[in-house]
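Here is upload37.cif, consisting of mmCIF, C-alpha atoms and all ligand atoms:
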data_upload
loop_
_atom_site.label_atom_id
_atom_site.label_comp_id
_atom_site.auth_asym_id
_atom_site.auth_seq_id
_atom_site.Cartn_x
_atom_site.Cartn_y
_atom_site.Cartn_z
CA MET L 16 148.95 -69.64 102.58
CA ALA L 17 145.96 -69.47 104.91
CA VAL L 18 144.90 -72.89 106.14
CA GLY L 19 141.12 -73.11 105.69
CA ARG L 20 138.66 -75.74 106.76
CA LEU L 21 138.90 -79.12 105.07
CA ARG L 22 135.58 -80.48 103.78
CA LEU L 23 134.64 -84.13 104.02
CA GLY L 24 132.56 -85.77 101.31
CA VAL L 25 131.33 -89.23 102.30
CA ASN L 26 131.01 -91.70 99.44
CA VAL L 27 128.10 -94.10 100.01
CA ASP L 28 128.71 -96.44 97.03
CA HIS L 29 129.64 -99.42 99.14
CA VAL L 30 126.51 -99.26 101.25
CA ALA L 31 124.80 -99.99 97.94
CA THR L 32 127.37 -102.72 97.22
CA VAL L 33 126.29 -104.53 100.40
CA ARG L 34 122.60 -104.05 99.55
CA ASN L 35 123.09 -105.35 96.02
CA ALA L 36 124.89 -108.45 97.29
CA ARG L 37 121.43 -109.65 98.40
CA GLY L 38 119.07 -107.59 96.27
CA GLY L 39 116.21 -105.79 98.03
CA ALA L 40 116.33 -102.39 99.67
CA LEU L 41 118.70 -102.73 102.67
CA PRO L 42 121.05 -101.25 103.68
CA ASP L 43 119.87 -98.01 102.08
CA PRO L 44 122.62 -95.66 100.86
CA VAL L 45 120.28 -92.68 101.35
CA ARG L 46 119.92 -93.50 105.03
CA ALA L 47 123.73 -93.74 105.24
CA ALA L 48 124.08 -90.37 103.48
CA LEU L 49 121.69 -88.67 105.93
CA LEU L 50 123.52 -90.21 108.91
CA ALA L 51 126.90 -89.14 107.50
CA ILE L 52 125.64 -85.55 107.26
CA GLU L 53 124.30 -85.73 110.81
CA ALA L 54 127.76 -86.91 111.90
CA GLY L 55 129.56 -83.98 110.28
CA ALA L 56 130.04 -84.72 106.58
CA ASP L 57 129.98 -81.61 104.40
CA GLY L 58 128.57 -83.44 101.42
CA VAL L 59 127.81 -86.83 99.92
CA THR L 60 129.44 -88.50 96.93
CA ALA L 61 128.04 -91.29 94.79
CA HIS L 62 129.37 -92.93 91.65
CA LEU L 63 126.72 -93.93 89.14
CA ARG L 64 128.61 -96.51 87.14
CA GLU L 65 127.72 -97.52 83.63
CA ASP L 66 127.05 -101.08 84.86
CA ARG L 67 125.12 -99.83 87.97
CA ARG L 68 127.08 -102.25 90.12
CA HIS L 69 126.35 -100.26 93.29
CA ILE L 70 124.49 -96.92 93.09
CA THR L 71 121.35 -97.05 90.91
CA ASP L 72 119.40 -94.34 89.09
CA ASP L 73 116.76 -94.58 91.80
CA ASP L 74 119.41 -94.08 94.54
CA LEU L 75 120.64 -91.01 92.74
CA ALA L 76 117.14 -89.53 92.43
CA ARG L 77 116.46 -90.20 96.12
CA LEU L 78 119.81 -88.73 97.18
CA ARG L 79 119.09 -85.62 95.15
CA ALA L 80 115.67 -85.26 96.72
CA SER L 81 116.72 -85.94 100.34
CA LEU L 82 120.07 -84.29 100.98
CA THR L 83 120.48 -80.99 102.75
CA LYS L 84 124.18 -80.82 101.80
CA PRO L 85 125.84 -80.89 98.35
CA LEU L 86 125.70 -84.03 96.24
CA ASN L 87 128.82 -84.83 94.23
CA LEU L 88 128.18 -87.26 91.38
CA GLU L 89 131.14 -89.28 90.16
CA MET L 90 130.62 -90.26 86.55
CA ALA L 91 132.21 -91.22 83.28
CA ALA L 92 132.17 -88.61 80.51
CA THR L 93 129.44 -90.25 78.44
CA GLU L 94 126.31 -88.93 76.76
CA GLU L 95 124.14 -91.07 79.02
CA MET L 96 125.67 -89.52 82.14
CA LEU L 97 125.38 -86.03 80.72
CA GLU L 98 121.65 -86.53 80.25
CA ILE L 99 121.38 -87.74 83.84
CA VAL L 100 123.18 -84.63 85.10
CA LEU L 101 120.87 -82.39 83.07
CA ARG L 102 117.92 -84.17 84.65
CA THR L 103 119.12 -84.43 88.27
CA ARG L 104 121.35 -81.34 88.49
CA PRO L 105 123.72 -82.44 91.25
CA HIS L 106 125.74 -79.70 92.93
CA ALA L 107 128.98 -81.15 91.57
CA ALA L 108 130.17 -83.75 89.08
CA CYS L 109 133.55 -85.45 89.21
CA LEU L 110 134.63 -86.99 85.92
CA VAL L 111 136.38 -90.31 86.39
CA PRO L 112 137.73 -92.94 84.00
CA GLU L 113 135.64 -96.09 83.95
CA ARG L 114 136.45 -99.59 82.81
CA ARG L 115 133.96 -102.38 83.29
CA ALA L 116 136.59 -104.87 84.37
CA GLU L 117 138.11 -102.74 87.14
CA ARG L 118 137.27 -103.29 90.79
CA THR L 119 137.48 -99.58 91.55
CA THR L 120 138.64 -96.41 89.78
CA GLU L 121 142.22 -97.50 89.28
CA GLY L 122 143.83 -94.40 87.85
CA GLY L 123 143.19 -90.78 86.99
CA LEU L 124 141.54 -89.52 83.81
CA ASP L 125 143.64 -89.26 80.69
CA VAL L 126 143.39 -85.49 80.64
CA VAL L 127 146.17 -85.10 78.06
CA GLY L 128 144.87 -87.52 75.41
CA GLY L 129 141.23 -86.74 76.29
CA HIS L 130 141.49 -82.95 75.98
CA ASP L 131 139.34 -82.54 72.85
CA ARG L 132 136.56 -84.72 74.21
CA LEU L 133 136.65 -83.51 77.83
CA LYS L 134 136.73 -79.79 77.15
CA PRO L 135 133.25 -79.52 75.56
CA PHE L 136 131.93 -82.10 78.03
CA ALA L 137 133.09 -80.00 81.01
CA ALA L 138 131.58 -76.91 79.36
CA ALA L 139 128.22 -78.69 79.00
CA LEU L 140 128.26 -79.62 82.70
CA ARG L 141 129.14 -76.09 83.69
CA GLY L 142 126.28 -74.87 81.49
CA ALA L 143 123.95 -77.04 83.59
CA GLY L 144 125.12 -75.19 86.72
CA THR L 145 127.14 -78.17 87.99
CA ARG L 146 130.62 -77.66 89.43
CA VAL L 147 133.02 -79.82 87.43
CA SER L 148 136.01 -81.63 88.82
CA LEU L 149 138.45 -83.98 87.10
CA PHE L 150 139.84 -86.99 88.93
CA ILE L 151 143.49 -86.99 87.93
CA GLU L 152 146.86 -88.47 88.72
CA PRO L 153 148.87 -86.25 91.06
CA SER L 154 151.23 -84.96 88.37
CA ILE L 155 152.13 -81.50 87.14
CA GLU L 156 151.34 -82.57 83.58
CA ALA L 157 147.81 -83.60 84.59
CA ILE L 158 147.25 -80.32 86.46
CA GLU L 159 148.26 -78.31 83.39
CA ALA L 160 146.02 -80.44 81.19
CA ALA L 161 143.08 -80.03 83.60
CA ARG L 162 143.56 -76.29 83.51
CA ALA L 163 143.53 -76.34 79.70
CA ILE L 164 140.24 -78.28 79.79
CA GLY L 165 138.73 -75.48 81.85
CA ALA L 166 137.60 -77.42 84.93
CA PRO L 167 137.62 -75.29 88.09
CA VAL L 168 138.38 -78.26 90.37
CA VAL L 169 140.76 -81.23 90.33
CA GLU L 170 140.61 -84.26 92.60
CA LEU L 171 144.01 -85.88 93.09
CA HIS L 172 144.03 -89.69 93.05
CA THR L 173 145.62 -90.75 96.35
CA GLY L 174 145.31 -94.50 95.67
CA ALA L 175 148.96 -95.25 94.82
CA TRP L 176 150.13 -93.42 97.94
CA CYS L 177 147.60 -95.14 100.23
CA HIS L 178 148.55 -98.46 98.72
CA ALA L 179 152.25 -97.89 99.46
CA VAL L 180 151.43 -96.80 103.03
CA ALA L 181 149.29 -99.90 103.59
CA ALA L 182 152.05 -102.12 102.18
CA GLY L 183 154.58 -100.57 104.57
CA ASP L 184 156.73 -99.39 101.66
CA ARG L 185 158.04 -96.22 103.26
CA GLY L 186 160.25 -95.12 100.35
CA ARG L 187 157.49 -95.46 97.80
CA ALA L 188 154.97 -93.82 100.13
CA ASP L 189 157.23 -90.78 100.63
CA GLU L 190 157.73 -90.52 96.88
CA GLU L 191 154.00 -90.72 96.19
CA PHE L 192 153.20 -88.19 98.89
CA SER L 193 155.74 -85.77 97.40
CA ARG L 194 153.91 -86.08 94.06
CA ILE L 195 150.61 -85.27 95.77
CA ARG L 196 152.13 -82.28 97.54
CA ALA L 197 153.70 -80.91 94.34
CA ALA L 198 150.47 -81.41 92.38
CA ALA L 199 148.41 -79.71 95.13
CA GLU L 200 150.81 -76.75 95.16
CA ARG L 201 150.66 -76.43 91.37
CA ALA L 202 146.87 -76.73 91.30
CA SER L 203 146.51 -73.98 93.85
CA ALA L 204 149.05 -71.76 92.05
CA CYS L 205 146.97 -72.21 88.84
CA GLY L 206 143.81 -71.13 90.66
CA LEU L 207 142.30 -74.64 90.64
CA GLU L 208 140.38 -75.87 93.69
CA CYS L 209 142.13 -79.00 94.88
CA HIS L 210 140.42 -82.11 96.29
CA ALA L 211 141.85 -85.55 97.03
CA GLY L 212 140.55 -89.05 97.46
CA HIS L 213 140.79 -92.80 97.03
CA GLY L 214 141.93 -95.35 99.57
CA LEU L 215 142.11 -92.86 102.47
CA ASP L 216 141.85 -94.05 106.08
CA TYR L 217 142.22 -92.13 109.35
CA GLY L 218 146.04 -91.98 109.12
CA THR L 219 146.34 -91.00 105.47
CA ALA L 220 143.45 -88.50 105.75
CA ARG L 221 145.24 -86.88 108.69
CA GLN L 222 148.45 -86.60 106.65
CA VAL L 223 146.84 -85.25 103.49
CA ALA L 224 144.95 -82.73 105.66
CA MET L 225 148.33 -81.18 106.36
CA LEU L 226 148.44 -79.88 102.78
CA PRO L 227 146.68 -76.49 103.01
CA GLN L 228 145.96 -76.46 99.25
CA VAL L 229 143.67 -79.49 99.59
CA ILE L 230 140.22 -78.32 100.62
CA GLU L 231 138.05 -81.43 100.23
CA LEU L 232 138.50 -85.16 100.76
CA ASN L 233 136.15 -87.80 99.35
CA ILE L 234 136.19 -91.01 101.34
CA GLY L 235 134.06 -94.12 101.03
CA HIS L 236 135.34 -97.67 101.29
CA PHE L 237 137.21 -97.27 104.57
CA LEU L 238 134.30 -95.51 106.28
CA VAL L 239 131.77 -98.12 105.23
CA GLY L 240 134.15 -100.83 106.48
CA GLU L 241 134.70 -99.04 109.80
CA ALA L 242 130.95 -98.63 110.17
CA ILE L 243 130.70 -102.39 110.61
CA PHE L 244 132.75 -102.11 113.80
CA VAL L 245 131.97 -98.70 115.27
CA GLY L 246 128.87 -97.52 113.38
CA LEU L 247 128.78 -94.98 110.58
CA VAL L 248 128.22 -91.93 112.80
CA GLU L 249 131.26 -92.77 114.93
CA ALA L 250 133.40 -93.59 111.87
CA VAL L 251 132.57 -90.21 110.29
CA ARG L 252 133.24 -88.42 113.60
CA ARG L 253 136.63 -90.12 113.94
CA MET L 254 137.46 -89.23 110.36
CA ARG L 255 136.47 -85.61 110.96
CA ALA L 256 138.70 -85.56 114.05
CA ALA L 257 141.66 -87.04 112.13
CA MET L 258 141.24 -84.40 109.41
CA ASP L 259 140.97 -81.60 111.98
CA GLU L 260 144.13 -82.86 113.67
CA GLY L 261 146.01 -82.74 110.35
CA ARG L 262 144.69 -79.24 109.70
CA ALA L 263 145.78 -78.08 113.17
CA LEU L 264 149.27 -79.39 112.47
CA ALA L 265 149.30 -77.53 109.15
CA ARG L 266 148.42 -74.30 110.98
CA ALA L 267 151.25 -74.87 113.44
CA THR L 268 153.81 -75.59 110.70
CA PRO L 269 155.61 -72.69 109.02
CA PRO L 270 154.99 -72.59 105.23
CA ARG L 271 157.57 -74.42 103.07
CA SER L 272 159.65 -72.22 100.83
CA SER L 273 159.50 -73.59 97.29
N1 LIG H 1 137.16 -90.05 94.75
C1 LIG H 1 136.90 -90.64 93.56
C2 LIG H 1 136.93 -89.80 92.33
C3 LIG H 1 136.57 -92.02 93.49
O1 LIG H 1 136.34 -92.58 92.29
C4 LIG H 1 136.49 -92.75 94.68
C5 LIG H 1 136.10 -94.20 94.62
O2 LIG H 1 134.79 -94.29 94.17
C6 LIG H 1 136.74 -92.10 95.88
C7 LIG H 1 137.10 -90.76 95.90
C8 LIG H 1 136.63 -92.79 97.20
O3 LIG H 1 137.55 -93.81 97.30
P1 LIG H 1 137.46 -94.83 98.52
O4 LIG H 1 136.16 -95.53 98.40
O5 LIG H 1 138.65 -95.70 98.33
O6 LIG H 1 137.53 -94.00 99.77
#

Represent the structure contained in this file as structure tokens.
Ligand code: PXP
Amino acid sequence: MAVGRLRLGVNVDHVATVRNARGGALPDPVRAALLAIEAGADGVTAHLREDRRHITDDDLARLRASLTKPLNLEMAATEEMLEIVLRTRPHAACLVPERRAERTTEGGLDVVGGHDRLKPFAAALRGAGTRVSLFIEPSIEAIEAARAIGAPVVELHTGAWCHAVAAGDRGRADEEFSRIRAAAERASACGLECHAGHGLDYGTARQVAMLPQVIELNIGHFLVGEAIFVGLVEAVRRMRAAMDEGRALARATPPRSS
């Protein structure tokens, strides 16, 4: 298949995490979002959690008013969030599972068990003119279930793979990456737009960029951490370069026969 450009969505949640550690207004996630765009991000992602532990309603309203590139809102499939989407009309919404006790989004949505609830919810978002994606485990079963729900986009959860890479568990990492590859291939064959995210750093972003079916990455925690050392603009530029390198390798590699 043709290897197109890979988009980068920068998630600014953890700029708000640092701000909220002290209260007050600084550092401002909107300023970070504008800088990320200046540095080459194709869009900005923010997760408005039920408990508002990082991004707040005011952040969301300011992001919506200030950005010149698409805003992707990560959200749980709740009535409260639906009302917020109808009011703020972000370009895209990514439905994620949410548990108050988790530190981060630990797994993909239960798209099999949640079919009856998620299908009308996704339709309501689409009716508001918002592009819907489902954050799912990289499995064939989840891809099929996402298709049945009628979402045009899936975002594959890369957390388990990144975790195995970081732990130096080569066997597990290879296994997890094969799952991501197979899920990306199936998504694309089903006509679903395929995104990926969670836990990505320069190395894993470069590797996942080699999958031509994946057309957008959403990356937050690592970039905000890197920004402490090299600044946010430089961190986004380095990430962009790592992704472009992976894409260039994909273009140079003959397609796999399946
Ligand atoms: N994509 C989704 C759907 C997420 O929930 C998150 C975490 O908020 C990310 C991407 C980004 O993950 P990370 O902050 O680990 O880069």

Long-range neighbours of range 19-33 of chain L as an NGL selection string, 6 Å cut-off, only C-alpha atoms, 6 positions minimum in chain | :L and (44 or 56-61 or 69-70 or 230-235)

Neighbours of Ala257 in chain L within 6 Å (all atoms listed in the file; same-chain residues fewer than 2 positions away dropped), as an NGL selection string? :L and (217 or 221 or 254-255 or 259-260)

Given all atoms listed in the file, how would the per-residue table for range 68-87 of chain L near range 105-112 of chain L read, listing every residue at most 6 Å away with its closest atom pair and distance in Å to one decimal, sorted by chain and number, as JSON lines?
{"residue": "L:Pro85", "atom": "CA", "partner": "L:His106", "partner_atom": "CA", "distance": 5.5}
{"residue": "L:Leu86", "atom": "CA", "partner": "L:His106", "partner_atom": "CA", "distance": 5.5}
{"residue": "L:Asn87", "atom": "CA", "partner": "L:Ala107", "partner_atom": "CA", "distance": 4.5}

Please provide the set of residues having any atom within 12 Å of Arg64 in chain L, restricted to only C-alpha atoms, with same-chain residues fewer than 4 positions apart removed, written as a PDB file with C-alpha atoms, keeping the file's coordinate frame.
ATOM      1  CA  ASP L  28     128.710 -96.440  97.030  1.00  0.00           C
ATOM      2  CA  ALA L  31     124.800 -99.990  97.940  1.00  0.00           C
ATOM      3  CA  THR L  32     127.370-102.720  97.220  1.00  0.00           C
ATOM      4  CA  ARG L  68     127.080-102.250  90.120  1.00  0.00           C
ATOM      5  CA  HIS L  69     126.350-100.260  93.290  1.00  0.00           C
ATOM      6  CA  ILE L  70     124.490 -96.920  93.090  1.00  0.00           C
ATOM      7  CA  THR L  71     121.350 -97.050  90.910  1.00  0.00           C
ATOM      8  CA  ASP L  72     119.400 -94.340  89.090  1.00  0.00           C
ATOM      9  CA  LEU L  75     120.640 -91.010  92.740  1.00  0.00           C
ATOM     10  CA  LEU L  88     128.180 -87.260  91.380  1.00  0.00           C
ATOM     11  CA  GLU L  89     131.140 -89.280  90.160  1.00  0.00           C
ATOM     12  CA  MET L  90     130.620 -90.260  86.550  1.00  0.00           C
ATOM     13  CA  ALA L  91     132.210 -91.220  83.280  1.00  0.00           C
ATOM     14  CA  ALA L  92     132.170 -88.610  80.510  1.00  0.00           C
ATOM     15  CA  THR L  93     129.440 -90.250  78.440  1.00  0.00           C
ATOM     16  CA  GLU L  95     124.140 -91.070  79.020  1.00  0.00           C
ATOM     17  CA  MET L  96     125.670 -89.520  82.140  1.00  0.00           C
ATOM     18  CA  ILE L  99     121.380 -87.740  83.840  1.00  0.00           C
ATOM     19  CA  LEU L 110     134.630 -86.990  85.920  1.00  0.00           C
ATOM     20  CA  VAL L 111     136.380 -90.310  86.390  1.00  0.00           C
ATOM     21  CA  PRO L 112     137.730 -92.940  84.000  1.00  0.00           C
ATOM     22  CA  GLU L 113     135.640 -96.090  83.950  1.00  0.00           C
ATOM     23  CA  ARG L 114     136.450 -99.590  82.810  1.00  0.00           C
ATOM     24  CA  ARG L 115     133.960-102.380  83.290  1.00  0.00           C
ATOM     25  CA  ALA L 116     136.590-104.870  84.370  1.00  0.00           C
ATOM     26  CA  GLU L 117     138.110-102.740  87.140  1.00  0.00           C
ATOM     27  CA  ARG L 118     137.270-103.290  90.790  1.00  0.00           C
ATOM     28  CA  THR L 119     137.480 -99.580  91.550  1.00  0.00           C
ATOM     29  CA  THR L 120     138.640 -96.410  89.780  1.00  0.00           C
TER      30      THR L 120
END

As a PDB file with C-alpha atoms, keeping the file's coordinate frame, please: the residues near range 166-168 of chain L (cut-off 12 Å, only C-alpha atoms, same-chain neighbours under 5 positions excluded).
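Below is the file out_36.pdb, written as the result:
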ATOM      1  CA  ALA L 107     128.980 -81.150  91.570  1.00  0.00           C
ATOM      2  CA  ALA L 108     130.170 -83.750  89.080  1.00  0.00           C
ATOM      3  CA  CYS L 109     133.550 -85.450  89.210  1.00  0.00           C
ATOM      4  CA  LEU L 110     134.630 -86.990  85.920  1.00  0.00           C
ATOM      5  CA  VAL L 126     143.390 -85.490  80.640  1.00  0.00           C
ATOM      6  CA  HIS L 130     141.490 -82.950  75.980  1.00  0.00           C
ATOM      7  CA  LEU L 133     136.650 -83.510  77.830  1.00  0.00           C
ATOM      8  CA  LYS L 134     136.730 -79.790  77.150  1.00  0.00           C
ATOM      9  CA  PRO L 135     133.250 -79.520  75.560  1.00  0.00           C
ATOM     10  CA  PHE L 136     131.930 -82.100  78.030  1.00  0.00           C
ATOM     11  CA  ALA L 137     133.090 -80.000  81.010  1.00  0.00           C
ATOM     12  CA  ALA L 138     131.580 -76.910  79.360  1.00  0.00           C
ATOM     13  CA  ALA L 139     128.220 -78.690  79.000  1.00  0.00           C
ATOM     14  CA  LEU L 140     128.260 -79.620  82.700  1.00  0.00           C
ATOM     15  CA  ARG L 141     129.140 -76.090  83.690  1.00  0.00           C
ATOM     16  CA  THR L 145     127.140 -78.170  87.990  1.00  0.00           C
ATOM     17  CA  ARG L 146     130.620 -77.660  89.430  1.00  0.00           C
ATOM     18  CA  VAL L 147     133.020 -79.820  87.430  1.00  0.00           C
ATOM     19  CA  SER L 148     136.010 -81.630  88.820  1.00  0.00           C
ATOM     20  CA  LEU L 149     138.450 -83.980  87.100  1.00  0.00           C
ATOM     21  CA  PHE L 150     139.840 -86.990  88.930  1.00  0.00           C
ATOM     22  CA  ILE L 151     143.490 -86.990  87.930  1.00  0.00           C
ATOM     23  CA  ALA L 157     147.810 -83.600  84.590  1.00  0.00           C
ATOM     24  CA  ILE L 158     147.250 -80.320  86.460  1.00  0.00           C
ATOM     25  CA  GLU L 159     148.260 -78.310  83.390  1.00  0.00           C
ATOM     26  CA  ALA L 160     146.020 -80.440  81.190  1.00  0.00           C
ATOM     27  CA  ALA L 161     143.080 -80.030  83.600  1.00  0.00           C
ATOM     28  CA  ALA L 199     148.410 -79.710  95.130  1.00  0.00           C
ATOM     29  CA  ALA L 202     146.870 -76.730  91.300  1.00  0.00           C
ATOM     30  CA  SER L 203     146.510 -73.980  93.850  1.00  0.00           C
ATOM     31  CA  CYS L 205     146.970 -72.210  88.840  1.00  0.00           C
ATOM     32  CA  GLY L 206     143.810 -71.130  90.660  1.00  0.00           C
ATOM     33  CA  LEU L 207     142.300 -74.640  90.640  1.00  0.00           C
ATOM     34  CA  GLU L 208     140.380 -75.870  93.690  1.00  0.00           C
ATOM     35  CA  CYS L 209     142.130 -79.000  94.880  1.00  0.00           C
ATOM     36  CA  HIS L 210     140.420 -82.110  96.290  1.00  0.00           C
ATOM     37  CA  ALA L 211     141.850 -85.550  97.030  1.00  0.00           C
ATOM     38  CA  GLN L 228     145.960 -76.460  99.250  1.00  0.00           C
ATOM     39  CA  VAL L 229     143.670 -79.490  99.590  1.00  0.00           C
ATOM     40  CA  ILE L 230     140.220 -78.320 100.620  1.00  0.00           C
ATOM     41  CA  GLU L 231     138.050 -81.430 100.230  1.00  0.00           C
TER      42      GLU L 231
END

Can you pull out every residue within 9 Å of Gly174 in chain L, counting all atoms listed in the file, but drop anything in the same chain fewer than 3 positions away, and send it as an MDAnalysis selection string? chainID L and resid 121:122 177:179 212:215

Across L:Ile52, L:Val18, L:Ala224, L:Ala242, the smallest distance to Pro269 in chain L, with all atoms listed in the file counted, is shown by L:Val18

Which centre and which edge lengths, in Å to one decimal, describe the axis-aligned box that holds all listed atoms of range 253-268 of chain L after 4 Å is added on each side, as AutoDock Vina command-line options?
--center_x 145.1 --center_y -82.2 --center_z 111.6 --size_x 25.3 --size_y 23.8 --size_z 12.9

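If only C-alpha atoms and all ligand atoms are the atoms counted, then among L:Ala188, L:Met225, L:Leu171, L:Ile243 the closest residue to ligand LIG 1 (chain H) is L:Leu171.
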